[in-house]
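Have a look at query_18.cif below; it lists mmCIF, C-alpha atoms.
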```cif
data_protein
#
loop_
_atom_site.group_PDB
_atom_site.id
_atom_site.type_symbol
_atom_site.label_atom_id
_atom_site.label_comp_id
_atom_site.auth_asym_id
_atom_site.auth_seq_id
_atom_site.Cartn_x
_atom_site.Cartn_y
_atom_site.Cartn_z
ATOM 1 C CA MET T 1 -230.563 89.170 -110.527
ATOM 2 C CA HIS T 2 -231.758 92.637 -111.485
ATOM 3 C CA GLY T 3 -230.672 95.801 -109.758
ATOM 4 C CA LEU T 4 -232.971 98.641 -108.796
ATOM 5 C CA THR T 5 -234.675 100.362 -111.717
ATOM 6 C CA GLY T 6 -237.141 103.225 -111.918
ATOM 7 C CA ARG T 7 -237.470 105.369 -108.812
ATOM 8 C CA THR T 8 -234.802 105.301 -106.155
ATOM 9 C CA ALA T 9 -235.753 103.142 -103.181
ATOM 10 C CA VAL T 10 -235.528 105.872 -100.567
ATOM 11 C CA GLY T 11 -237.024 105.334 -97.127
ATOM 12 C CA PHE T 12 -237.877 108.031 -94.629
ATOM 13 C CA TRP T 13 -239.002 108.063 -91.036
ATOM 14 C CA ALA T 14 -242.165 109.909 -90.089
ATOM 15 C CA LEU T 15 -244.275 110.348 -87.020
ATOM 16 C CA THR T 16 -247.883 109.776 -88.007
ATOM 17 C CA MET T 17 -250.805 111.067 -85.982
ATOM 18 C CA ILE T 18 -253.336 108.301 -85.395
ATOM 19 C CA SER T 19 -256.868 108.970 -84.196
ATOM 20 C CA THR T 20 -258.995 106.463 -82.336
ATOM 21 C CA LEU T 21 -262.144 105.931 -84.366
ATOM 22 C CA LEU T 22 -264.284 104.332 -81.682
ATOM 23 C CA LEU T 23 -265.012 105.300 -78.077
ATOM 24 C CA GLY T 24 -263.566 108.784 -78.110
ATOM 25 C CA SER T 25 -261.022 110.886 -79.918
ATOM 26 C CA VAL T 26 -257.810 109.957 -78.125
ATOM 27 C CA SER T 27 -254.673 110.415 -80.252
ATOM 28 C CA ALA T 28 -251.464 108.420 -80.399
ATOM 29 C CA LEU T 29 -248.167 108.611 -82.238
ATOM 30 C CA ALA T 30 -246.825 105.767 -84.342
ATOM 31 C CA GLN T 31 -243.462 105.577 -86.042
ATOM 32 C CA THR T 32 -243.645 104.583 -89.693
ATOM 33 C CA ARG T 33 -241.259 104.318 -92.598
ATOM 34 C CA VAL T 34 -242.205 104.484 -96.257
ATOM 35 C CA TYR T 35 -240.111 102.803 -98.961
ATOM 36 C CA ALA T 36 -240.420 103.650 -102.650
ATOM 37 C CA LEU T 37 -240.140 100.670 -105.013
ATOM 38 C CA PRO T 38 -239.371 100.505 -108.736
ATOM 39 C CA ALA T 39 -242.130 102.129 -110.780
ATOM 40 C CA GLY T 40 -244.765 99.664 -111.933
ATOM 41 C CA SER T 41 -243.956 97.037 -109.286
ATOM 42 C CA ARG T 42 -247.506 96.878 -107.941
ATOM 43 C CA PRO T 43 -246.447 95.022 -104.770
ATOM 44 C CA HIS T 44 -249.262 92.645 -103.914
ATOM 45 C CA ASP T 45 -247.978 90.729 -100.883
ATOM 46 C CA VAL T 46 -245.059 91.201 -98.517
ATOM 47 C CA ALA T 47 -243.170 88.870 -96.149
ATOM 48 C CA PRO T 48 -240.385 89.597 -93.662
ATOM 49 C CA ALA T 49 -237.480 87.294 -94.495
ATOM 50 C CA PRO T 50 -235.516 85.294 -91.896
ATOM 51 C CA ASP T 51 -232.308 87.217 -92.699
ATOM 52 C CA GLY T 52 -233.862 90.583 -91.818
ATOM 53 C CA ASN T 53 -234.698 91.568 -95.368
ATOM 54 C CA VAL T 54 -238.264 91.932 -96.638
ATOM 55 C CA TRP T 55 -239.661 90.138 -99.681
ATOM 56 C CA TYR T 56 -242.515 91.400 -101.834
ATOM 57 C CA THR T 57 -244.198 90.201 -104.997
ATOM 58 C CA GLY T 58 -243.813 92.680 -107.856
ATOM 59 C CA GLN T 59 -246.941 91.506 -109.631
ATOM 60 C CA ARG T 60 -246.669 93.751 -112.695
ATOM 61 C CA ARG T 61 -242.934 93.281 -113.132
ATOM 62 C CA GLY T 62 -242.917 89.500 -112.629
ATOM 63 C CA VAL T 63 -240.332 89.620 -109.878
ATOM 64 C CA LEU T 64 -239.668 88.861 -106.263
ATOM 65 C CA GLY T 65 -238.434 92.091 -104.717
ATOM 66 C CA ILE T 66 -235.899 92.064 -101.885
ATOM 67 C CA LEU T 67 -235.801 95.156 -99.683
ATOM 68 C CA LYS T 68 -233.023 95.960 -97.217
ATOM 69 C CA PRO T 69 -234.896 97.928 -94.545
ATOM 70 C CA GLU T 70 -231.844 99.735 -93.166
ATOM 71 C CA SER T 71 -230.784 101.348 -96.440
ATOM 72 C CA GLY T 72 -233.949 101.082 -98.518
ATOM 73 C CA ALA T 73 -232.016 99.326 -101.292
ATOM 74 C CA VAL T 74 -234.042 96.983 -103.501
ATOM 75 C CA ARG T 75 -233.040 94.033 -105.667
ATOM 76 C CA GLU T 76 -235.352 92.196 -108.057
ATOM 77 C CA VAL T 77 -235.338 88.492 -108.864
ATOM 78 C CA PRO T 78 -237.086 87.645 -112.167
ATOM 79 C CA LEU T 79 -239.355 84.632 -111.711
ATOM 80 C CA GLY T 80 -239.809 83.606 -115.342
ATOM 81 C CA GLU T 81 -241.412 84.668 -118.596
ATOM 82 C CA GLY T 82 -245.069 85.515 -118.028
ATOM 83 C CA SER T 83 -244.748 85.680 -114.235
ATOM 84 C CA ALA T 84 -247.396 87.574 -112.240
ATOM 85 C CA PRO T 85 -246.710 86.700 -108.585
ATOM 86 C CA HIS T 86 -249.465 87.167 -106.030
ATOM 87 C CA GLY T 87 -248.534 85.827 -102.570
ATOM 88 C CA VAL T 88 -245.208 85.295 -100.830
ATOM 89 C CA ILE T 89 -244.407 83.715 -97.458
ATOM 90 C CA ALA T 90 -241.264 82.544 -95.687
ATOM 91 C CA GLY T 91 -241.099 78.759 -95.491
ATOM 92 C CA PRO T 92 -239.698 76.652 -92.652
ATOM 93 C CA ASP T 93 -236.664 76.099 -94.901
ATOM 94 C CA GLY T 94 -235.899 79.839 -94.952
ATOM 95 C CA ALA T 95 -236.887 80.172 -98.605
ATOM 96 C CA ALA T 96 -239.486 82.433 -100.178
ATOM 97 C CA TRP T 97 -242.530 80.513 -101.433
ATOM 98 C CA ILE T 98 -244.609 82.319 -104.040
ATOM 99 C CA THR T 99 -248.011 81.732 -105.631
ATOM 100 C CA ASP T 100 -247.622 82.872 -109.234
ATOM 101 C CA GLY T 101 -250.834 83.309 -111.215
ATOM 102 C CA GLY T 102 -249.021 84.147 -114.426
ATOM 103 C CA LEU T 103 -246.904 80.993 -114.354
ATOM 104 C CA ASN T 104 -249.725 78.914 -112.824
ATOM 105 C CA ALA T 105 -247.075 77.534 -110.508
ATOM 106 C CA ILE T 106 -245.710 77.596 -107.005
ATOM 107 C CA VAL T 107 -242.266 79.210 -107.082
ATOM 108 C CA ARG T 108 -239.458 78.815 -104.534
ATOM 109 C CA TYR T 109 -236.606 81.283 -104.174
ATOM 110 C CA ASP T 110 -233.555 80.142 -102.199
ATOM 111 C CA PRO T 111 -231.828 83.213 -100.719
ATOM 112 C CA ALA T 112 -228.564 81.296 -100.190
ATOM 113 C CA SER T 113 -228.100 80.019 -103.751
ATOM 114 C CA GLU T 114 -230.472 82.521 -105.423
ATOM 115 C CA ALA T 115 -231.991 79.568 -107.285
ATOM 116 C CA VAL T 116 -235.564 79.904 -108.551
ATOM 117 C CA THR T 117 -237.549 76.661 -108.778
ATOM 118 C CA GLN T 118 -240.999 76.355 -110.357
ATOM 119 C CA TYR T 119 -243.606 73.742 -109.374
ATOM 120 C CA PRO T 120 -246.275 73.935 -112.092
ATOM 121 C CA LEU T 121 -249.852 72.899 -111.395
ATOM 122 C CA PRO T 122 -251.102 69.816 -113.260
ATOM 123 C CA ALA T 123 -251.932 70.401 -116.922
ATOM 124 C CA ASN T 124 -255.642 69.911 -116.254
ATOM 125 C CA ARG T 125 -255.575 72.793 -113.730
ATOM 126 C CA ALA T 126 -254.658 75.599 -116.096
ATOM 127 C CA ARG T 127 -255.433 79.241 -115.227
ATOM 128 C CA ALA T 128 -256.150 78.500 -111.564
ATOM 129 C CA ASN T 129 -255.598 82.171 -110.628
ATOM 130 C CA LEU T 130 -253.269 81.223 -107.795
ATOM 131 C CA ASN T 131 -253.644 83.403 -104.760
ATOM 132 C CA THR T 132 -252.111 82.674 -101.357
ATOM 133 C CA ALA T 133 -250.241 79.904 -99.514
ATOM 134 C CA ALA T 134 -249.567 78.658 -95.967
ATOM 135 C CA PHE T 135 -247.500 75.854 -94.440
ATOM 136 C CA ASP T 136 -249.250 73.357 -92.183
ATOM 137 C CA GLY T 137 -247.839 71.671 -89.097
ATOM 138 C CA ASP T 138 -246.276 68.886 -91.185
ATOM 139 C CA GLY T 139 -244.360 71.240 -93.473
ATOM 140 C CA LYS T 140 -246.743 70.845 -96.432
ATOM 141 C CA LEU T 141 -247.627 73.933 -98.460
ATOM 142 C CA TRP T 142 -251.340 74.583 -99.013
ATOM 143 C CA PHE T 143 -252.521 77.126 -101.574
ATOM 144 C CA THR T 144 -255.652 78.648 -103.085
ATOM 145 C CA GLY T 145 -256.792 79.536 -106.589
ATOM 146 C CA GLN T 146 -259.684 81.926 -107.164
ATOM 147 C CA ASN T 147 -260.952 79.937 -110.128
ATOM 148 C CA GLY T 148 -262.221 77.249 -107.760
ATOM 149 C CA ILE T 149 -259.340 75.173 -106.439
ATOM 150 C CA TYR T 150 -257.126 74.606 -103.444
ATOM 151 C CA GLY T 151 -254.078 72.398 -103.325
ATOM 152 C CA ARG T 152 -251.110 70.971 -101.480
ATOM 153 C CA LEU T 153 -247.433 70.735 -102.381
ATOM 154 C CA ASP T 154 -245.028 68.460 -100.520
ATOM 155 C CA PRO T 155 -241.650 70.239 -100.720
ATOM 156 C CA GLY T 156 -239.880 66.998 -99.827
ATOM 157 C CA ASN T 157 -240.825 65.109 -102.976
ATOM 158 C CA ALA T 158 -242.526 67.820 -105.096
ATOM 159 C CA GLU T 159 -245.808 65.871 -105.058
ATOM 160 C CA MET T 160 -248.752 68.157 -105.766
ATOM 161 C CA GLN T 161 -252.463 67.521 -105.330
ATOM 162 C CA VAL T 162 -255.300 69.833 -106.322
ATOM 163 C CA TRP T 163 -258.952 69.691 -105.239
ATOM 164 C CA ASP T 164 -262.133 71.366 -106.432
ATOM 165 C CA ALA T 165 -263.327 73.866 -103.837
ATOM 166 C CA PRO T 166 -266.847 73.789 -102.360
ATOM 167 C CA ARG T 167 -269.101 76.185 -104.286
ATOM 168 C CA GLY T 168 -266.495 76.597 -107.004
ATOM 169 C CA ARG T 169 -264.903 79.995 -107.598
ATOM 170 C CA GLY T 170 -263.584 82.113 -104.768
ATOM 171 C CA PRO T 171 -260.735 80.611 -102.666
ATOM 172 C CA TYR T 172 -258.527 83.538 -101.672
ATOM 173 C CA GLY T 173 -256.742 84.005 -98.327
ATOM 174 C CA ILE T 174 -255.329 81.026 -96.434
ATOM 175 C CA ALA T 175 -253.591 80.685 -93.065
ATOM 176 C CA ALA T 176 -252.345 78.193 -90.504
ATOM 177 C CA THR T 177 -253.181 78.091 -86.796
ATOM 178 C CA PRO T 178 -250.480 77.659 -84.135
ATOM 179 C CA GLU T 179 -251.406 73.946 -84.110
ATOM 180 C CA GLY T 180 -250.740 73.746 -87.851
ATOM 181 C CA GLU T 181 -254.356 73.480 -89.027
ATOM 182 C CA ILE T 182 -255.300 75.181 -92.299
ATOM 183 C CA TYR T 183 -258.227 77.512 -92.991
ATOM 184 C CA TYR T 184 -259.034 79.462 -96.132
ATOM 185 C CA ALA T 185 -261.549 82.108 -97.170
ATOM 186 C CA SER T 186 -263.690 82.106 -100.297
ATOM 187 C CA LEU T 187 -264.422 85.583 -101.610
ATOM 188 C CA ALA T 188 -266.927 84.588 -104.304
ATOM 189 C CA GLY T 189 -268.286 81.736 -102.173
ATOM 190 C CA SER T 190 -268.729 83.931 -99.064
ATOM 191 C CA HIS T 191 -267.546 81.350 -96.539
ATOM 192 C CA ILE T 192 -264.467 80.009 -94.816
ATOM 193 C CA ALA T 193 -263.337 76.407 -94.722
ATOM 194 C CA ARG T 194 -261.097 74.158 -92.664
ATOM 195 C CA ILE T 195 -259.051 71.602 -94.546
ATOM 196 C CA ASP T 196 -258.896 68.065 -93.233
ATOM 197 C CA ARG T 197 -255.196 67.504 -93.775
ATOM 198 C CA SER T 198 -255.501 63.717 -93.730
ATOM 199 C CA THR T 199 -258.068 63.539 -96.544
ATOM 200 C CA GLY T 200 -257.710 66.920 -98.247
ATOM 201 C CA ASN T 201 -261.428 67.579 -97.839
ATOM 202 C CA ALA T 202 -262.530 71.177 -97.251
ATOM 203 C CA ILE T 203 -265.081 71.479 -94.449
ATOM 204 C CA LEU T 204 -267.262 74.482 -95.189
ATOM 205 C CA ILE T 205 -267.944 76.900 -92.305
ATOM 206 C CA GLU T 206 -270.887 79.222 -92.877
ATOM 207 C CA PRO T 207 -270.564 82.771 -91.491
ATOM 208 C CA PRO T 208 -273.692 84.319 -89.955
ATOM 209 C CA ARG T 209 -274.063 86.924 -92.752
ATOM 210 C CA ALA T 210 -274.848 85.634 -96.221
ATOM 211 C CA GLY T 211 -272.867 87.154 -99.081
ATOM 212 C CA GLN T 212 -270.336 88.823 -96.804
ATOM 213 C CA GLY T 213 -267.373 88.179 -99.140
ATOM 214 C CA ALA T 214 -264.801 86.566 -96.834
ATOM 215 C CA ARG T 215 -261.514 87.652 -98.395
ATOM 216 C CA ARG T 216 -258.617 86.784 -96.107
ATOM 217 C CA VAL T 217 -258.160 84.854 -92.850
ATOM 218 C CA TRP T 218 -255.594 84.781 -90.073
ATOM 219 C CA SER T 219 -255.266 82.913 -86.776
ATOM 220 C CA ASP T 220 -254.555 84.404 -83.380
ATOM 221 C CA SER T 221 -252.472 82.665 -80.713
ATOM 222 C CA SER T 222 -255.556 80.776 -79.459
ATOM 223 C CA GLY T 223 -256.410 79.343 -82.863
ATOM 224 C CA ARG T 224 -259.386 81.652 -83.395
ATOM 225 C CA ILE T 225 -259.844 82.606 -87.045
ATOM 226 C CA TRP T 226 -260.131 86.281 -87.997
ATOM 227 C CA VAL T 227 -261.865 87.099 -91.269
ATOM 228 C CA SER T 228 -261.910 90.261 -93.391
ATOM 229 C CA GLU T 229 -265.309 90.600 -95.092
ATOM 230 C CA TRP T 230 -265.031 92.592 -98.304
ATOM 231 C CA ASN T 231 -268.721 92.898 -99.114
ATOM 232 C CA SER T 232 -270.048 93.562 -95.603
ATOM 233 C CA GLY T 233 -267.205 95.716 -94.289
ATOM 234 C CA HIS T 234 -266.929 93.639 -91.127
ATOM 235 C CA LEU T 235 -264.037 92.139 -89.222
ATOM 236 C CA SER T 236 -265.231 88.767 -87.929
ATOM 237 C CA ARG T 237 -263.874 86.048 -85.668
ATOM 238 C CA PHE T 238 -264.658 82.333 -85.698
ATOM 239 C CA ASP T 239 -263.824 80.232 -82.639
ATOM 240 C CA PRO T 240 -263.397 76.543 -83.566
ATOM 241 C CA ARG T 241 -263.708 75.509 -79.918
ATOM 242 C CA ASP T 242 -267.436 76.232 -79.804
ATOM 243 C CA ASN T 243 -268.163 77.181 -83.453
ATOM 244 C CA SER T 244 -269.132 80.694 -82.366
ATOM 245 C CA TRP T 245 -268.869 83.914 -84.367
ATOM 246 C CA ALA T 246 -268.334 87.548 -83.393
ATOM 247 C CA SER T 247 -268.225 90.564 -85.718
ATOM 248 C CA TRP T 248 -267.350 94.246 -85.706
ATOM 249 C CA LYS T 249 -268.253 96.730 -88.439
ATOM 250 C CA LEU T 250 -265.310 98.836 -89.533
ATOM 251 C CA PRO T 251 -265.742 102.587 -88.899
ATOM 252 C CA GLY T 252 -266.924 104.848 -91.679
ATOM 253 C CA ASP T 253 -269.725 104.995 -94.202
ATOM 254 C CA ARG T 254 -268.557 102.436 -96.775
ATOM 255 C CA PRO T 255 -265.824 100.191 -95.353
ATOM 256 C CA GLN T 256 -264.269 97.495 -97.530
ATOM 257 C CA ALA T 257 -262.231 95.059 -95.442
ATOM 258 C CA TYR T 258 -259.521 93.467 -97.580
ATOM 259 C CA ALA T 259 -256.474 92.130 -95.690
ATOM 260 C CA VAL T 260 -256.298 90.778 -92.137
ATOM 261 C CA TYR T 261 -253.310 89.862 -89.974
ATOM 262 C CA VAL T 262 -252.835 89.117 -86.272
ATOM 263 C CA ASP T 263 -249.521 90.210 -84.791
ATOM 264 C CA ALA T 264 -247.441 88.662 -82.019
ATOM 265 C CA ARG T 265 -249.402 90.601 -79.360
ATOM 266 C CA ASP T 266 -252.745 89.347 -80.745
ATOM 267 C CA SER T 267 -253.598 92.793 -82.070
ATOM 268 C CA VAL T 268 -255.618 92.444 -85.275
ATOM 269 C CA TRP T 269 -254.803 94.481 -88.382
ATOM 270 C CA VAL T 270 -257.245 94.986 -91.239
ATOM 271 C CA SER T 271 -257.002 97.139 -94.369
ATOM 272 C CA ASP T 272 -259.970 99.256 -95.457
ATOM 273 C CA PHE T 273 -260.083 100.235 -99.126
ATOM 274 C CA GLY T 274 -263.059 102.494 -98.417
ATOM 275 C CA ALA T 275 -261.067 104.631 -95.979
ATOM 276 C CA ASN T 276 -257.633 104.262 -97.658
ATOM 277 C CA ALA T 277 -256.321 103.120 -94.293
ATOM 278 C CA VAL T 278 -255.117 100.186 -92.266
ATOM 279 C CA LEU T 279 -256.766 99.700 -88.879
ATOM 280 C CA SER T 280 -255.499 97.992 -85.770
ATOM 281 C CA PHE T 281 -258.163 96.375 -83.599
ATOM 282 C CA ASN T 282 -257.871 95.636 -79.902
ATOM 283 C CA PRO T 283 -260.029 92.583 -79.083
ATOM 284 C CA GLN T 284 -260.095 93.451 -75.388
ATOM 285 C CA THR T 285 -261.375 97.021 -75.745
ATOM 286 C CA GLU T 286 -263.073 96.398 -79.118
ATOM 287 C CA THR T 287 -261.642 99.640 -80.521
ATOM 288 C CA PHE T 288 -260.058 100.490 -83.870
ATOM 289 C CA ILE T 289 -257.120 102.809 -84.558
ATOM 290 C CA ALA T 290 -256.609 104.064 -88.119
ATOM 291 C CA TYR T 291 -253.281 104.378 -89.921
ATOM 292 C CA PRO T 292 -253.861 106.387 -93.118
ATOM 293 C CA GLY T 293 -252.244 105.347 -96.374
ATOM 294 C CA SER T 294 -249.064 107.189 -97.338
ATOM 295 C CA ALA T 295 -251.052 108.882 -100.135
ATOM 296 C CA PRO T 296 -254.483 108.464 -101.758
ATOM 297 C CA GLY T 297 -255.044 105.121 -103.490
ATOM 298 C CA ALA T 298 -252.652 103.064 -101.348
ATOM 299 C CA ASN T 299 -254.650 99.832 -101.861
ATOM 300 C CA VAL T 300 -253.178 97.574 -99.178
ATOM 301 C CA ARG T 301 -254.150 94.041 -100.237
ATOM 302 C CA GLN T 302 -252.159 92.075 -97.645
ATOM 303 C CA ILE T 303 -250.475 92.599 -94.268
ATOM 304 C CA LEU T 304 -247.706 90.644 -92.579
ATOM 305 C CA GLY T 305 -245.131 91.281 -89.904
ATOM 306 C CA ARG T 306 -242.714 90.071 -87.268
ATOM 307 C CA PRO T 307 -242.445 91.030 -83.584
ATOM 308 C CA GLY T 308 -242.439 94.824 -83.328
ATOM 309 C CA GLU T 309 -243.077 95.384 -87.040
ATOM 310 C CA VAL T 310 -246.113 95.432 -89.318
ATOM 311 C CA TRP T 311 -245.469 95.604 -93.079
ATOM 312 C CA LEU T 312 -247.937 96.968 -95.624
ATOM 313 C CA PRO T 313 -247.572 96.676 -99.421
ATOM 314 C CA GLU T 314 -249.212 99.715 -101.025
ATOM 315 C CA SER T 315 -250.000 98.168 -104.390
ATOM 316 C CA GLY T 316 -251.510 101.363 -105.795
ATOM 317 C CA LEU T 317 -248.445 103.491 -105.015
ATOM 318 C CA ASP T 318 -245.455 101.167 -105.544
ATOM 319 C CA ARG T 319 -244.467 101.510 -101.885
ATOM 320 C CA LEU T 320 -243.926 99.419 -98.772
ATOM 321 C CA VAL T 321 -244.775 100.852 -95.375
ATOM 322 C CA LEU T 322 -243.338 99.732 -92.051
ATOM 323 C CA ILE T 323 -245.239 100.453 -88.824
ATOM 324 C CA ARG T 324 -243.192 99.922 -85.672
ATOM 325 C CA THR T 325 -245.319 98.651 -82.811
ATOM 326 C CA ASP T 326 -242.765 98.448 -80.004
#
```
For the structure just supplied, provide its representation as structure tokens.
Amino acid sequence: MHGLTGRTAVGFWALTMISTLLLGSVSALAQTRVYALPAGSRPHDVAPAPDGNVWYTGQRRGVLGILKPESGAVREVPLGEGSAPHGVIAGPDGAAWITDGGLNAIVRYDPASEAVTQYPLPANRARANLNTAAFDGDGKLWFTGQNGIYGRLDPGNAEMQVWDAPRGRGPYGIAATPEGEIYYASLAGSHIARIDRSTGNAILIEPPRAGQGARRVWSDSSGRIWVSEWNSGHLSRFDPRDNSWASWKLPGDRPQAYAVYVDARDSVWVSDFGANAVLSFNPQTETFIAYPGSAPGANVRQILGRPGEVWLPESGLDRLVLIRTD
């Protein structure tokens, strides 16, 4: 276990003025906290941990970071020689599950024993460029690799299967619905897909705009799939009940929608590289509210939260940002 190195992990509270970007110029106040991480961390993904801590992947440092939100203290867990972790989520077992592109492996961190376990991909699936993972309703871990694969790991017996993705390169974000179904987005393939969990087949779902660059996906409480479209700058929604689509262009001249997340209130959050901001979207009023980055070049590549909290990893600034929503 490594202690904190580089900059001191100091958090501070701030009241941030937020301006409504659609349908008027109403203002609101939101309470945020910014946490500095060790220099060079480049936090890619973040996940609130069951014990109240917050995990993040220190992609450049090859570590899983553990932040204590109350004090701002940070610990680092080295994941192995050559590690370059991308995604992290909390599993049903309370452990951190990590997609590590450098190790070409799924990595599990047990917070009780502090044990780090690696599950390498098969030898014939080298350099998969592992991206993101999600647990299905049966407790199986599904994951994506941008070099054209998706796969499944059974934590019970460590059995791993890997499939070639439709249209090859591109699988990026992945998420589970409340019913435990799995959907993923293909950035290079510009589509989303639902995985048939019984066969492992990926059922391609074509968005209405060609070449939109679907980057990440998330489900709301009704099982509707929200999609961040990198190329088109749209936030889109697919409803599996009737196979319908709806879309909203992000405000601004050149939006680039990267991350998407739906919180416990069914508010939708999307990061916009073009505006250096994260936006919340109200599906009922169809309005966006912008939360500016803590400084220029924040580069929020993923969003996750728990009730009352939304967490943002600012990969360009070596910071985590907490937005309180209650």
For the point (-257.3, 93.2, -81.2) in the file's frame, write as a PDB file with C-alpha atoms, in the frame of the given file all residues with an atom no more than 7 Å away, counting all atoms listed in the file.
```
ATOM      1  CA  ASP T 266    -252.745  89.347 -80.745  1.00  0.00           C
ATOM      2  CA  SER T 267    -253.598  92.793 -82.070  1.00  0.00           C
ATOM      3  CA  VAL T 268    -255.618  92.444 -85.275  1.00  0.00           C
ATOM      4  CA  SER T 280    -255.499  97.992 -85.770  1.00  0.00           C
ATOM      5  CA  PHE T 281    -258.163  96.375 -83.599  1.00  0.00           C
ATOM      6  CA  ASN T 282    -257.871  95.636 -79.902  1.00  0.00           C
ATOM      7  CA  PRO T 283    -260.029  92.583 -79.083  1.00  0.00           C
ATOM      8  CA  GLN T 284    -260.095  93.451 -75.388  1.00  0.00           C
ATOM      9  CA  GLU T 286    -263.073  96.398 -79.118  1.00  0.00           C
TER      10      GLU T 286
END
```
Sorted per-residue table, region 64-109 of chain T near region 130-133 of chain T, closest atoms and distance, 9 Å, only C-alpha atoms, as a tab-separated table:
```
residue	atom	partner	partner_atom	distance
T:Pro85	CA	T:Asn131	CA	8.6
T:His86	CA	T:Asn131	CA	5.8
T:Gly87	CA	T:Thr132	CA	4.9
T:Val88	CA	T:Thr132	CA	7.4
T:Ile89	CA	T:Ala133	CA	7.3
T:Trp97	CA	T:Ala133	CA	8.0
T:Ile98	CA	T:Ala133	CA	7.6
T:Thr99	CA	T:Leu130	CA	5.7
T:Asp100	CA	T:Leu130	CA	6.1
T:Gly101	CA	T:Leu130	CA	4.7
T:Gly102	CA	T:Leu130	CA	8.4
T:Asn104	CA	T:Leu130	CA	6.6
T:Ala105	CA	T:Leu130	CA	7.7
T:Ile106	CA	T:Leu130	CA	8.4
```
*CA of Ile203 (chain T) to CA of Gly170 (chain T): how many Å, to one decimal?*
14.9 Å
*Protein, DNA and RNA residues within 8 Å of (-251.3, 67.9, -109.0), only C-alpha atoms, as a list in words*: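 Checking each residue against the 8 Å limit leaves Leu121, Pro122, Gly151, Glu159, Met160, Gln161 and Val162 of chain T.
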*d(CA of Leu79 (chain T), CA of Val63 (chain T)) in Å*: 5.4 Å
*What does the distance between CA of Pro240 (chain T) and CA of Val270 (chain T) come to in Å, to one decimal place?*
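If I compute the distance from CA of Pro240 (chain T) to CA of Val270 (chain T), I get 20.9 Å.
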_Using all atoms listed in the file: which of T:Thr32, T:Ser83, T:Gln302, T:Asn276 has the shortest distance to Arg215 (chain T)_ =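 Closest to Arg215 (chain T) of all the choices is T:Gln302.
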*For Pro251 (chain T), list every protein, DNA or RNA residue within 10 Å, evaluated using all atoms listed in the file, and leave out those in the same chain fewer than 4 positions away; present the list as an MDAnalysis selection string.*
chainID T and resid 21:22 233:234 255 272 274:275 279 287:290
May I have the selected residues written with C-alpha atoms, as a short mmCIF file (atom, residue, chain, number, x, y, z; two decimals), in the frame of the given file?
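Saved the output as out16.cif:
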```cif
data_model
loop_
_atom_site.label_atom_id
_atom_site.label_comp_id
_atom_site.auth_asym_id
_atom_site.auth_seq_id
_atom_site.Cartn_x
_atom_site.Cartn_y
_atom_site.Cartn_z
CA LEU T 21 -262.14 105.93 -84.37
CA LEU T 22 -264.28 104.33 -81.68
CA GLY T 233 -267.20 95.72 -94.29
CA HIS T 234 -266.93 93.64 -91.13
CA PRO T 255 -265.82 100.19 -95.35
CA ASP T 272 -259.97 99.26 -95.46
CA GLY T 274 -263.06 102.49 -98.42
CA ALA T 275 -261.07 104.63 -95.98
CA LEU T 279 -256.77 99.70 -88.88
CA THR T 287 -261.64 99.64 -80.52
CA PHE T 288 -260.06 100.49 -83.87
CA ILE T 289 -257.12 102.81 -84.56
CA ALA T 290 -256.61 104.06 -88.12
#
```
*Between T:Ala158, T:Val278, T:Ala134, T:Val262, which has the minimum distance to Leu250 (chain T) (counting all atoms listed in the file)?*
T:Val278
*Would you kindly translate the PyMOL selection byres ((chain T and resi 34) around 7) into the concrete residues it picks from this file, as a VMD selection string?*
chain T and resid 11 to 12 32 to 33 35 to 36 319 to 322
*Using all atoms listed in the file, which of T:Tyr56, T:Arg209, T:Ala123, T:Ser71 sits nearest Tyr109 (chain T)?*
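Under the stated criterion, the closest residue is T:Tyr56.
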Expansion of the PyMOL selection byres ((chain T and resi 138) around 10) into residues, as a PDB file with C-alpha atoms, in the frame of the given file:
```
ATOM      1  CA  PHE T 135    -247.500  75.854 -94.440  1.00  0.00           C
ATOM      2  CA  ASP T 136    -249.250  73.357 -92.183  1.00  0.00           C
ATOM      3  CA  GLY T 137    -247.839  71.671 -89.097  1.00  0.00           C
ATOM      4  CA  GLY T 139    -244.360  71.240 -93.473  1.00  0.00           C
ATOM      5  CA  LYS T 140    -246.743  70.845 -96.432  1.00  0.00           C
ATOM      6  CA  LEU T 141    -247.627  73.933 -98.460  1.00  0.00           C
ATOM      7  CA  ASP T 154    -245.028  68.460-100.520  1.00  0.00           C
ATOM      8  CA  GLY T 180    -250.740  73.746 -87.851  1.00  0.00           C
ATOM      9  CA  GLU T 181    -254.356  73.480 -89.027  1.00  0.00           C
ATOM     10  CA  ARG T 197    -255.196  67.504 -93.775  1.00  0.00           C
TER      11      ARG T 197
END
```
*Return the single residue from T:Leu317, T:Ala95, T:Leu235, T:Leu304 that is closest to Pro48 (chain T), with distances computed using all atoms listed in the file.*
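With all atoms listed in the file as the atom set, the closest residue is T:Leu304.
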*Please evaluate the PyMOL selection byres ((chain T and resi 74-78) around 12) against the displayed coordinates and give the resulting residues as a ChimeraX atom specification.*
/T:1-11,35-38,41,43,53-73,79-85,96,100,107-111,114-117,319-320
